[in-house]
$ cat model.cif   # mmCIF, N, CA and C atoms
data_data
loop_
_atom_site.label_atom_id
_atom_site.label_comp_id
_atom_site.auth_asym_id
_atom_site.auth_seq_id
_atom_site.Cartn_x
_atom_site.Cartn_y
_atom_site.Cartn_z
N MET D 240 -2.97 -38.92 -101.20
CA MET D 240 -2.84 -38.25 -99.92
C MET D 240 -3.85 -38.88 -98.96
N ASN D 241 -3.37 -39.33 -97.82
CA ASN D 241 -4.32 -39.92 -96.86
C ASN D 241 -4.93 -38.83 -95.98
N ALA D 242 -5.90 -39.23 -95.18
CA ALA D 242 -6.66 -38.25 -94.38
C ALA D 242 -5.78 -37.50 -93.39
N LEU D 243 -4.71 -38.13 -92.92
CA LEU D 243 -3.84 -37.46 -91.96
C LEU D 243 -3.04 -36.33 -92.59
N GLU D 244 -2.80 -36.44 -93.90
CA GLU D 244 -2.00 -35.43 -94.60
C GLU D 244 -2.85 -34.31 -95.19
N GLN D 245 -4.18 -34.45 -95.13
CA GLN D 245 -5.07 -33.48 -95.74
C GLN D 245 -4.92 -32.11 -95.08
N GLU D 246 -4.94 -31.07 -95.92
CA GLU D 246 -4.83 -29.71 -95.41
C GLU D 246 -6.21 -29.17 -95.06
N PHE D 247 -6.26 -28.37 -93.98
CA PHE D 247 -7.52 -27.77 -93.55
C PHE D 247 -7.35 -26.27 -93.42
N LEU D 248 -8.46 -25.57 -93.59
CA LEU D 248 -8.52 -24.14 -93.36
C LEU D 248 -9.47 -23.95 -92.18
N LYS D 249 -8.98 -23.37 -91.09
CA LYS D 249 -9.81 -23.12 -89.90
C LYS D 249 -10.53 -21.79 -90.10
N VAL D 250 -11.87 -21.83 -90.00
CA VAL D 250 -12.68 -20.64 -90.27
C VAL D 250 -13.70 -20.41 -89.17
N ILE D 251 -14.13 -19.16 -89.07
CA ILE D 251 -15.29 -18.78 -88.25
C ILE D 251 -16.48 -18.74 -89.19
N VAL D 252 -17.57 -19.41 -88.81
CA VAL D 252 -18.78 -19.44 -89.62
C VAL D 252 -19.77 -18.45 -89.02
N PHE D 253 -20.36 -17.61 -89.88
CA PHE D 253 -21.38 -16.68 -89.41
C PHE D 253 -22.52 -16.63 -90.40
N GLN D 254 -23.62 -16.06 -89.96
CA GLN D 254 -24.83 -16.05 -90.76
C GLN D 254 -25.26 -14.64 -91.10
N LEU D 255 -25.72 -14.49 -92.34
CA LEU D 255 -26.38 -13.27 -92.82
C LEU D 255 -27.63 -13.76 -93.53
N ALA D 256 -28.79 -13.33 -93.07
CA ALA D 256 -30.07 -13.83 -93.61
C ALA D 256 -30.04 -15.35 -93.55
N ASP D 257 -30.24 -16.03 -94.67
CA ASP D 257 -30.31 -17.49 -94.64
C ASP D 257 -29.06 -18.16 -95.18
N LYS D 258 -27.96 -17.41 -95.30
CA LYS D 258 -26.72 -17.99 -95.85
C LYS D 258 -25.64 -18.03 -94.78
N GLU D 259 -24.76 -19.02 -94.91
CA GLU D 259 -23.62 -19.13 -94.01
C GLU D 259 -22.35 -18.69 -94.74
N TYR D 260 -21.57 -17.87 -94.06
CA TYR D 260 -20.33 -17.34 -94.61
C TYR D 260 -19.18 -17.78 -93.71
N ALA D 261 -17.96 -17.70 -94.25
CA ALA D 261 -16.80 -18.10 -93.46
C ALA D 261 -15.64 -17.16 -93.74
N ILE D 262 -14.89 -16.87 -92.68
CA ILE D 262 -13.64 -16.13 -92.82
C ILE D 262 -12.57 -16.85 -92.02
N PRO D 263 -11.32 -16.78 -92.47
CA PRO D 263 -10.24 -17.49 -91.76
C PRO D 263 -10.08 -17.01 -90.33
N VAL D 264 -9.93 -17.97 -89.42
CA VAL D 264 -9.71 -17.65 -88.00
C VAL D 264 -8.47 -16.76 -87.85
N SER D 265 -7.49 -16.93 -88.72
CA SER D 265 -6.25 -16.15 -88.62
C SER D 265 -6.50 -14.65 -88.73
N ASN D 266 -7.64 -14.24 -89.32
CA ASN D 266 -7.97 -12.82 -89.45
C ASN D 266 -8.87 -12.33 -88.33
N VAL D 267 -9.37 -13.23 -87.48
CA VAL D 267 -10.36 -12.86 -86.47
C VAL D 267 -9.68 -12.58 -85.14
N GLN D 268 -9.97 -11.39 -84.59
CA GLN D 268 -9.42 -11.00 -83.28
C GLN D 268 -10.38 -11.31 -82.15
N GLY D 269 -11.68 -11.36 -82.48
CA GLY D 269 -12.66 -11.64 -81.44
C GLY D 269 -14.07 -11.50 -81.97
N ILE D 270 -15.02 -11.96 -81.16
CA ILE D 270 -16.43 -11.84 -81.48
C ILE D 270 -17.09 -11.16 -80.28
N GLU D 271 -17.78 -10.07 -80.54
CA GLU D 271 -18.37 -9.26 -79.47
C GLU D 271 -19.87 -9.18 -79.64
N LYS D 272 -20.58 -9.02 -78.51
CA LYS D 272 -22.01 -8.72 -78.57
C LYS D 272 -22.15 -7.31 -79.15
N LEU D 273 -23.31 -7.06 -79.74
CA LEU D 273 -23.57 -5.74 -80.31
C LEU D 273 -23.50 -4.70 -79.21
N MET D 274 -22.82 -3.61 -79.48
CA MET D 274 -22.69 -2.53 -78.50
C MET D 274 -23.01 -1.20 -79.19
N HIS D 275 -22.99 -0.13 -78.43
CA HIS D 275 -23.29 1.19 -78.99
C HIS D 275 -22.27 1.54 -80.08
N ILE D 276 -22.81 1.91 -81.24
CA ILE D 276 -21.96 2.32 -82.37
C ILE D 276 -22.16 3.81 -82.58
N THR D 277 -21.05 4.56 -82.57
CA THR D 277 -21.10 6.00 -82.78
C THR D 277 -21.04 6.27 -84.28
N ARG D 278 -22.06 6.91 -84.79
CA ARG D 278 -22.16 7.21 -86.23
C ARG D 278 -21.09 8.22 -86.61
N VAL D 279 -20.51 8.04 -87.80
CA VAL D 279 -19.51 8.97 -88.32
C VAL D 279 -20.09 9.58 -89.59
N PRO D 280 -20.16 10.91 -89.67
CA PRO D 280 -20.76 11.55 -90.85
C PRO D 280 -19.93 11.33 -92.11
N LYS D 281 -20.62 11.40 -93.24
CA LYS D 281 -20.00 11.34 -94.57
C LYS D 281 -19.20 10.06 -94.80
N THR D 282 -19.73 8.93 -94.33
CA THR D 282 -19.11 7.64 -94.62
C THR D 282 -20.08 6.85 -95.51
N ALA D 283 -19.59 5.80 -96.12
CA ALA D 283 -20.45 4.94 -96.95
C ALA D 283 -21.60 4.43 -96.11
N LYS D 284 -22.73 4.14 -96.76
CA LYS D 284 -23.94 3.73 -96.03
C LYS D 284 -23.71 2.47 -95.20
N TYR D 285 -22.87 1.57 -95.69
CA TYR D 285 -22.64 0.31 -94.97
C TYR D 285 -21.69 0.47 -93.78
N VAL D 286 -21.03 1.62 -93.67
CA VAL D 286 -20.18 1.89 -92.50
C VAL D 286 -21.10 2.44 -91.41
N LYS D 287 -21.34 1.64 -90.40
CA LYS D 287 -22.29 2.01 -89.35
C LYS D 287 -21.73 3.05 -88.40
N GLY D 288 -20.39 3.13 -88.29
CA GLY D 288 -19.76 4.07 -87.38
C GLY D 288 -18.54 3.43 -86.75
N VAL D 289 -18.27 3.81 -85.49
CA VAL D 289 -17.11 3.27 -84.78
C VAL D 289 -17.52 2.85 -83.37
N ILE D 290 -16.74 1.93 -82.79
CA ILE D 290 -16.91 1.55 -81.39
C ILE D 290 -15.58 1.74 -80.69
N ASN D 291 -15.64 1.88 -79.39
CA ASN D 291 -14.44 1.93 -78.57
C ASN D 291 -14.30 0.55 -77.95
N LEU D 292 -13.39 -0.24 -78.51
CA LEU D 292 -13.21 -1.62 -78.05
C LEU D 292 -11.89 -1.71 -77.30
N ARG D 293 -11.99 -1.76 -75.98
CA ARG D 293 -10.81 -1.84 -75.12
C ARG D 293 -9.78 -0.75 -75.47
N GLY D 294 -10.28 0.47 -75.66
CA GLY D 294 -9.40 1.60 -75.91
C GLY D 294 -9.00 1.78 -77.36
N VAL D 295 -9.46 0.91 -78.26
CA VAL D 295 -9.14 1.03 -79.68
C VAL D 295 -10.41 1.43 -80.43
N VAL D 296 -10.34 2.54 -81.17
CA VAL D 296 -11.48 2.98 -81.98
C VAL D 296 -11.51 2.11 -83.24
N THR D 297 -12.61 1.36 -83.39
CA THR D 297 -12.71 0.37 -84.46
C THR D 297 -13.89 0.69 -85.37
N PRO D 298 -13.66 0.85 -86.69
CA PRO D 298 -14.79 1.08 -87.60
C PRO D 298 -15.65 -0.18 -87.72
N ILE D 299 -16.96 0.03 -87.91
CA ILE D 299 -17.91 -1.07 -87.97
C ILE D 299 -18.63 -1.05 -89.32
N ILE D 300 -18.61 -2.20 -89.98
CA ILE D 300 -19.27 -2.37 -91.29
C ILE D 300 -20.42 -3.34 -91.12
N ASP D 301 -21.60 -2.96 -91.62
CA ASP D 301 -22.76 -3.85 -91.62
C ASP D 301 -22.69 -4.69 -92.90
N LEU D 302 -22.39 -5.99 -92.76
CA LEU D 302 -22.22 -6.82 -93.95
C LEU D 302 -23.52 -7.01 -94.73
N ARG D 303 -24.67 -6.95 -94.05
CA ARG D 303 -25.94 -7.04 -94.79
C ARG D 303 -26.02 -5.88 -95.79
N GLU D 304 -25.72 -4.69 -95.28
CA GLU D 304 -25.79 -3.51 -96.13
C GLU D 304 -24.71 -3.56 -97.22
N ARG D 305 -23.53 -4.02 -96.86
CA ARG D 305 -22.41 -4.11 -97.81
C ARG D 305 -22.76 -5.03 -98.97
N PHE D 306 -23.49 -6.12 -98.68
CA PHE D 306 -23.84 -7.10 -99.70
C PHE D 306 -25.24 -6.87 -100.29
N SER D 307 -25.87 -5.75 -99.94
CA SER D 307 -27.23 -5.42 -100.41
C SER D 307 -28.24 -6.50 -100.04
N ILE D 308 -28.09 -7.05 -98.84
CA ILE D 308 -29.06 -8.00 -98.29
C ILE D 308 -30.04 -7.16 -97.47
N PRO D 309 -31.35 -7.45 -97.57
CA PRO D 309 -32.31 -6.65 -96.80
C PRO D 309 -31.93 -6.57 -95.31
N ILE D 310 -32.01 -5.37 -94.78
CA ILE D 310 -31.64 -5.13 -93.39
C ILE D 310 -32.73 -5.69 -92.48
N SER D 311 -32.30 -6.30 -91.38
CA SER D 311 -33.27 -6.79 -90.40
C SER D 311 -32.95 -6.14 -89.06
N GLU D 312 -33.89 -6.28 -88.14
CA GLU D 312 -33.66 -5.75 -86.79
C GLU D 312 -32.53 -6.53 -86.13
N ASN D 313 -31.75 -5.83 -85.32
CA ASN D 313 -30.71 -6.52 -84.56
C ASN D 313 -31.39 -7.40 -83.51
N GLU D 314 -30.87 -8.61 -83.37
CA GLU D 314 -31.42 -9.59 -82.44
C GLU D 314 -30.44 -9.82 -81.31
N GLU D 315 -30.84 -10.65 -80.37
CA GLU D 315 -29.94 -11.05 -79.29
C GLU D 315 -28.71 -11.77 -79.84
N SER D 316 -28.88 -12.46 -80.98
CA SER D 316 -27.78 -13.23 -81.57
C SER D 316 -26.85 -12.39 -82.44
N THR D 317 -27.21 -11.12 -82.72
CA THR D 317 -26.38 -10.26 -83.56
C THR D 317 -25.01 -10.08 -82.91
N ARG D 318 -23.96 -10.20 -83.72
CA ARG D 318 -22.59 -10.11 -83.21
C ARG D 318 -21.76 -9.18 -84.07
N ILE D 319 -20.66 -8.71 -83.49
CA ILE D 319 -19.64 -7.96 -84.23
C ILE D 319 -18.40 -8.84 -84.25
N ILE D 320 -17.97 -9.22 -85.45
CA ILE D 320 -16.74 -10.00 -85.58
C ILE D 320 -15.62 -9.01 -85.85
N ILE D 321 -14.63 -8.98 -84.96
CA ILE D 321 -13.49 -8.07 -85.12
C ILE D 321 -12.42 -8.79 -85.94
N ILE D 322 -12.06 -8.20 -87.08
CA ILE D 322 -11.04 -8.82 -87.93
C ILE D 322 -9.88 -7.85 -88.12
N THR D 323 -8.73 -8.41 -88.45
CA THR D 323 -7.59 -7.58 -88.83
C THR D 323 -7.13 -8.02 -90.21
N LEU D 324 -6.75 -7.03 -90.99
CA LEU D 324 -6.23 -7.27 -92.32
C LEU D 324 -5.23 -6.17 -92.61
N ASP D 325 -4.01 -6.54 -92.91
CA ASP D 325 -2.96 -5.55 -93.20
C ASP D 325 -2.88 -4.50 -92.10
N GLU D 326 -2.84 -4.94 -90.86
CA GLU D 326 -2.72 -4.07 -89.68
C GLU D 326 -3.90 -3.12 -89.48
N MET D 327 -5.01 -3.36 -90.19
CA MET D 327 -6.23 -2.58 -90.02
C MET D 327 -7.22 -3.44 -89.24
N GLU D 328 -7.85 -2.86 -88.22
CA GLU D 328 -8.85 -3.58 -87.43
C GLU D 328 -10.23 -3.03 -87.76
N VAL D 329 -11.16 -3.93 -88.08
CA VAL D 329 -12.52 -3.56 -88.48
C VAL D 329 -13.49 -4.55 -87.85
N GLY D 330 -14.71 -4.08 -87.55
CA GLY D 330 -15.75 -4.97 -87.05
C GLY D 330 -16.82 -5.17 -88.10
N PHE D 331 -17.29 -6.41 -88.25
CA PHE D 331 -18.38 -6.75 -89.16
C PHE D 331 -19.61 -7.08 -88.32
N VAL D 332 -20.73 -6.40 -88.59
CA VAL D 332 -21.99 -6.75 -87.94
C VAL D 332 -22.59 -7.92 -88.72
N VAL D 333 -22.87 -9.03 -88.00
CA VAL D 333 -23.45 -10.23 -88.61
C VAL D 333 -24.66 -10.67 -87.79
N ASP D 334 -25.53 -11.47 -88.40
CA ASP D 334 -26.74 -11.93 -87.69
C ASP D 334 -26.39 -12.85 -86.54
N SER D 335 -25.41 -13.72 -86.74
CA SER D 335 -24.94 -14.59 -85.67
C SER D 335 -23.60 -15.18 -86.08
N ALA D 336 -22.80 -15.51 -85.08
CA ALA D 336 -21.52 -16.18 -85.33
C ALA D 336 -21.69 -17.58 -84.76
N ASN D 337 -21.69 -18.56 -85.65
CA ASN D 337 -22.09 -19.91 -85.27
C ASN D 337 -20.99 -20.73 -84.63
N ASP D 338 -19.90 -20.96 -85.35
CA ASP D 338 -18.88 -21.85 -84.82
C ASP D 338 -17.56 -21.70 -85.54
N VAL D 339 -16.58 -22.42 -85.04
CA VAL D 339 -15.26 -22.51 -85.66
C VAL D 339 -15.14 -23.92 -86.19
N ILE D 340 -14.81 -24.05 -87.47
CA ILE D 340 -14.67 -25.38 -88.05
C ILE D 340 -13.43 -25.46 -88.93
N ASP D 341 -13.00 -26.68 -89.18
CA ASP D 341 -11.91 -26.94 -90.12
C ASP D 341 -12.53 -27.37 -91.45
N ILE D 342 -12.20 -26.65 -92.51
CA ILE D 342 -12.70 -27.00 -93.85
C ILE D 342 -11.56 -27.69 -94.59
N PRO D 343 -11.80 -28.90 -95.10
CA PRO D 343 -10.76 -29.52 -95.94
C PRO D 343 -10.52 -28.64 -97.17
N VAL D 344 -9.27 -28.30 -97.42
CA VAL D 344 -8.93 -27.40 -98.53
C VAL D 344 -9.47 -27.94 -99.85
N ASN D 345 -9.47 -29.27 -100.01
CA ASN D 345 -9.95 -29.84 -101.28
C ASN D 345 -11.47 -29.76 -101.44
N SER D 346 -12.20 -29.32 -100.41
CA SER D 346 -13.66 -29.15 -100.53
C SER D 346 -14.02 -27.73 -100.95
N ILE D 347 -13.01 -26.86 -101.08
CA ILE D 347 -13.26 -25.46 -101.46
C ILE D 347 -13.19 -25.34 -102.97
N GLU D 348 -14.27 -24.82 -103.54
CA GLU D 348 -14.33 -24.62 -104.99
C GLU D 348 -14.31 -23.12 -105.28
N GLN D 349 -13.89 -22.79 -106.50
CA GLN D 349 -13.91 -21.39 -106.92
C GLN D 349 -15.36 -20.91 -106.96
N GLN D 350 -15.52 -19.62 -106.87
CA GLN D 350 -16.85 -19.02 -106.95
C GLN D 350 -17.49 -19.41 -108.28
N PRO D 351 -18.76 -19.84 -108.26
CA PRO D 351 -19.45 -20.13 -109.52
C PRO D 351 -19.51 -18.88 -110.39
N GLU D 352 -19.42 -19.07 -111.69
CA GLU D 352 -19.38 -17.94 -112.62
C GLU D 352 -20.64 -17.09 -112.59
N VAL D 353 -21.79 -17.73 -112.43
CA VAL D 353 -23.05 -16.98 -112.48
C VAL D 353 -23.73 -16.97 -111.12
N VAL D 354 -23.11 -16.30 -110.18
CA VAL D 354 -23.74 -16.16 -108.88
C VAL D 354 -24.90 -15.18 -109.01
N GLY D 355 -24.70 -14.11 -109.78
CA GLY D 355 -25.77 -13.18 -110.07
C GLY D 355 -26.25 -12.37 -108.89
N SER D 356 -25.36 -12.00 -107.99
CA SER D 356 -25.78 -11.18 -106.85
C SER D 356 -24.73 -10.11 -106.60
N ASN D 357 -25.09 -9.15 -105.77
CA ASN D 357 -24.17 -8.07 -105.45
C ASN D 357 -22.96 -8.54 -104.67
N GLU D 358 -23.08 -9.67 -103.99
CA GLU D 358 -21.99 -10.13 -103.14
C GLU D 358 -20.94 -10.93 -103.91
N GLU D 359 -21.18 -11.22 -105.21
CA GLU D 359 -20.28 -12.12 -105.93
C GLU D 359 -18.84 -11.62 -105.96
N ASP D 360 -18.62 -10.32 -106.00
CA ASP D 360 -17.25 -9.79 -106.03
C ASP D 360 -16.51 -10.06 -104.73
N PHE D 361 -17.23 -10.32 -103.66
CA PHE D 361 -16.62 -10.49 -102.35
C PHE D 361 -16.31 -11.95 -102.03
N ILE D 362 -16.68 -12.86 -102.92
CA ILE D 362 -16.55 -14.29 -102.65
C ILE D 362 -15.22 -14.82 -103.16
N SER D 363 -14.47 -15.51 -102.28
CA SER D 363 -13.21 -16.12 -102.73
C SER D 363 -13.40 -17.59 -103.07
N GLY D 364 -14.47 -18.20 -102.57
CA GLY D 364 -14.73 -19.60 -102.87
C GLY D 364 -15.96 -20.08 -102.13
N VAL D 365 -16.34 -21.33 -102.42
CA VAL D 365 -17.49 -21.95 -101.78
C VAL D 365 -17.04 -23.32 -101.29
N ALA D 366 -17.39 -23.64 -100.04
CA ALA D 366 -17.03 -24.94 -99.48
C ALA D 366 -18.28 -25.76 -99.26
N LYS D 367 -18.23 -27.01 -99.71
CA LYS D 367 -19.36 -27.93 -99.50
C LYS D 367 -18.96 -28.88 -98.38
N LEU D 368 -19.73 -28.85 -97.29
CA LEU D 368 -19.50 -29.73 -96.15
C LEU D 368 -20.80 -30.43 -95.82
N ASP D 369 -20.86 -31.73 -96.03
CA ASP D 369 -22.09 -32.49 -95.78
C ASP D 369 -23.26 -31.77 -96.44
N ASN D 370 -24.22 -31.31 -95.64
CA ASN D 370 -25.38 -30.62 -96.23
C ASN D 370 -25.28 -29.10 -96.11
N ARG D 371 -24.08 -28.61 -95.82
CA ARG D 371 -23.88 -27.16 -95.68
C ARG D 371 -23.10 -26.60 -96.87
N LEU D 372 -23.41 -25.37 -97.22
CA LEU D 372 -22.69 -24.64 -98.24
C LEU D 372 -22.17 -23.37 -97.59
N LEU D 373 -20.85 -23.23 -97.48
CA LEU D 373 -20.25 -22.06 -96.83
C LEU D 373 -19.64 -21.15 -97.89
N ILE D 374 -19.94 -19.87 -97.80
CA ILE D 374 -19.41 -18.89 -98.73
C ILE D 374 -18.19 -18.26 -98.07
N LEU D 375 -17.01 -18.44 -98.68
CA LEU D 375 -15.78 -17.87 -98.13
C LEU D 375 -15.59 -16.46 -98.68
N LEU D 376 -15.34 -15.52 -97.78
CA LEU D 376 -15.22 -14.12 -98.18
C LEU D 376 -13.79 -13.75 -98.51
N HIS D 377 -13.67 -12.86 -99.47
CA HIS D 377 -12.39 -12.27 -99.86
C HIS D 377 -12.29 -10.94 -99.10
N LEU D 378 -11.62 -10.94 -97.94
CA LEU D 378 -11.64 -9.77 -97.05
C LEU D 378 -11.10 -8.51 -97.72
N ASP D 379 -10.08 -8.63 -98.56
CA ASP D 379 -9.55 -7.45 -99.25
C ASP D 379 -10.64 -6.71 -100.00
N LYS D 380 -11.49 -7.48 -100.69
CA LYS D 380 -12.54 -6.86 -101.51
C LYS D 380 -13.70 -6.35 -100.67
N VAL D 381 -14.00 -7.04 -99.57
CA VAL D 381 -15.07 -6.56 -98.68
C VAL D 381 -14.69 -5.19 -98.11
N LEU D 382 -13.40 -5.02 -97.79
CA LEU D 382 -12.96 -3.77 -97.18
C LEU D 382 -12.60 -2.69 -98.20
N ASN D 383 -12.55 -3.03 -99.47
CA ASN D 383 -12.21 -2.06 -100.50
C ASN D 383 -13.40 -1.13 -100.72
N PRO D 384 -13.22 0.19 -100.52
CA PRO D 384 -14.35 1.11 -100.61
C PRO D 384 -14.85 1.36 -102.02
N VAL D 385 -14.12 0.93 -103.05
CA VAL D 385 -14.55 1.20 -104.43
C VAL D 385 -15.77 0.35 -104.73
N GLU D 386 -16.84 0.98 -105.11
CA GLU D 386 -18.11 0.26 -105.40
C GLU D 386 -18.12 -0.13 -106.85
#

$ encode --input "model.cif" --output "structure tokens"
Amino acid sequence: MNALEQEFLKVIVFQLADKEYAIPVSNVQGIEKLMHITRVPKTAKYVKGVINLRGVVTPIIDLRERFSIPISENEESTRIIIITLDEMEVGFVVDSANDVIDIPVNSIEQQPEVVGSNEEDFISGVAKLDNRLLILLHLDKVLNPVE
């Protein structure tokens, strides 16, 4: 297969702590600056609440909390990535949303067997690009409330 025939996966790259993660652009509706989040009682700890985004009430999940990564203060770079999955719209709070890139499909490897972290169930694969390591998320599992 020559370079012109190579398949690519277009992803949004974002950061949590010191790691870079990626989700398919096809699932992303937009990236928003952090806004007021209305807390909803009796929800999982990682569900921060809801926002009113252009007339649509959207639940917000803090991915740091979801992956048991130490919580940090929200910064100017903190973003909410709005994703859709199975007609459900959800926002993910991330430290920053860096860029949109094309990942060669053949550079994506299965999740290593011994990741040894709380986030391992949420990983669909790992992509090696030059000196970067991108963790691809399995959105179905991130949104699944079963702990």

$ resolve_selection --input "model.cif" --expression "the PyMOL selection byres ((chain D and resi 271) around 6.5)" --output "ChimeraX atom specification"
/D:269-270,272-274,317-321

$ resolve_selection --input "model.cif" --expression "the PyMOL selection byres ((chain D and resi 368-378) around 7)" --output "VMD selection string"
chain D and resid 258 to 263 346 360 to 367 379 to 383

$ closest_residue --input "model.cif" --among "D:Ser265, D:Gln245, D:Asn291, D:Thr282" --to "Pro343 of chain D" --atoms "only C-alpha atoms"
D:Gln245

$ select_by_dssp --input "model.cif" --residues "chain D" --states "strand (DSSP E or B)" --output "number ranges by chain"
D: 247-255, 258-263, 267-272, 277, 286-292, 295-301, 318-324, 327-333, 335-343, 347-348, 362-368, 371-376

$ select_by_dssp --input "model.cif" --residues "chain D" --states "alpha helix (DSSP H)" --output "MDAnalysis selection string"
chainID D and resid 302:305 378:382

$ resolve_selection --input "model.cif" --expression "the PyMOL selection byres ((chain D and resi 251) around 8)" --output "PyMOL selection string"
chain D and resi 248-250+252-254+260-265+267+336-341

$ write_last_selection --input "model.cif" --atoms "N, CA and C atoms" --output "mmCIF file, in the coordinates of the input"
data_model
loop_
_atom_site.group_PDB
_atom_site.id
_atom_site.type_symbol
_atom_site.label_atom_id
_atom_site.label_comp_id
_atom_site.auth_asym_id
_atom_site.auth_seq_id
_atom_site.Cartn_x
_atom_site.Cartn_y
_atom_site.Cartn_z
ATOM 1 N N LEU D 248 -8.460 -25.570 -93.590
ATOM 2 C CA LEU D 248 -8.520 -24.140 -93.360
ATOM 3 C C LEU D 248 -9.470 -23.950 -92.180
ATOM 4 N N LYS D 249 -8.980 -23.370 -91.090
ATOM 5 C CA LYS D 249 -9.810 -23.120 -89.900
ATOM 6 C C LYS D 249 -10.530 -21.790 -90.100
ATOM 7 N N VAL D 250 -11.870 -21.830 -90.000
ATOM 8 C CA VAL D 250 -12.680 -20.640 -90.270
ATOM 9 C C VAL D 250 -13.700 -20.410 -89.170
ATOM 10 N N VAL D 252 -17.570 -19.410 -88.810
ATOM 11 C CA VAL D 252 -18.780 -19.440 -89.620
ATOM 12 C C VAL D 252 -19.770 -18.450 -89.020
ATOM 13 N N PHE D 253 -20.360 -17.610 -89.880
ATOM 14 C CA PHE D 253 -21.380 -16.680 -89.410
ATOM 15 C C PHE D 253 -22.520 -16.630 -90.400
ATOM 16 N N GLN D 254 -23.620 -16.060 -89.960
ATOM 17 C CA GLN D 254 -24.830 -16.050 -90.760
ATOM 18 C C GLN D 254 -25.260 -14.640 -91.100
ATOM 19 N N TYR D 260 -21.570 -17.870 -94.060
ATOM 20 C CA TYR D 260 -20.330 -17.340 -94.610
ATOM 21 C C TYR D 260 -19.180 -17.780 -93.710
ATOM 22 N N ALA D 261 -17.960 -17.700 -94.250
ATOM 23 C CA ALA D 261 -16.800 -18.100 -93.460
ATOM 24 C C ALA D 261 -15.640 -17.160 -93.740
ATOM 25 N N ILE D 262 -14.890 -16.870 -92.680
ATOM 26 C CA ILE D 262 -13.640 -16.130 -92.820
ATOM 27 C C ILE D 262 -12.570 -16.850 -92.020
ATOM 28 N N PRO D 263 -11.320 -16.780 -92.470
ATOM 29 C CA PRO D 263 -10.240 -17.490 -91.760
ATOM 30 C C PRO D 263 -10.080 -17.010 -90.330
ATOM 31 N N VAL D 264 -9.930 -17.970 -89.420
ATOM 32 C CA VAL D 264 -9.710 -17.650 -88.000
ATOM 33 C C VAL D 264 -8.470 -16.760 -87.850
ATOM 34 N N SER D 265 -7.490 -16.930 -88.720
ATOM 35 C CA SER D 265 -6.250 -16.150 -88.620
ATOM 36 C C SER D 265 -6.500 -14.650 -88.730
ATOM 37 N N VAL D 267 -9.370 -13.230 -87.480
ATOM 38 C CA VAL D 267 -10.360 -12.860 -86.470
ATOM 39 C C VAL D 267 -9.680 -12.580 -85.140
ATOM 40 N N ALA D 336 -22.800 -15.510 -85.080
ATOM 41 C CA ALA D 336 -21.520 -16.180 -85.330
ATOM 42 C C ALA D 336 -21.690 -17.580 -84.760
ATOM 43 N N ASN D 337 -21.690 -18.560 -85.650
ATOM 44 C CA ASN D 337 -22.090 -19.910 -85.270
ATOM 45 C C ASN D 337 -20.990 -20.730 -84.630
ATOM 46 N N ASP D 338 -19.900 -20.960 -85.350
ATOM 47 C CA ASP D 338 -18.880 -21.850 -84.820
ATOM 48 C C ASP D 338 -17.560 -21.700 -85.540
ATOM 49 N N VAL D 339 -16.580 -22.420 -85.040
ATOM 50 C CA VAL D 339 -15.260 -22.510 -85.660
ATOM 51 C C VAL D 339 -15.140 -23.920 -86.190
ATOM 52 N N ILE D 340 -14.810 -24.050 -87.470
ATOM 53 C CA ILE D 340 -14.670 -25.380 -88.050
ATOM 54 C C ILE D 340 -13.430 -25.460 -88.930
ATOM 55 N N ASP D 341 -13.000 -26.680 -89.180
ATOM 56 C CA ASP D 341 -11.910 -26.940 -90.120
ATOM 57 C C ASP D 341 -12.530 -27.370 -91.450
#

$ atom_distance --input "model.cif" --atom1 "atom CA of Ser311 of chain D" --atom2 "atom CA of Leu292 of chain D"
24.1 Å

$ residues_around --input "model.cif" --residues "Tyr285 of chain D" --least-positions-apart "6" --cutoff "7 Å" --atoms "only C-alpha atoms" --output "list of chain:residue names"
D:Ile300, D:Asp301, D:Glu304, D:Arg305
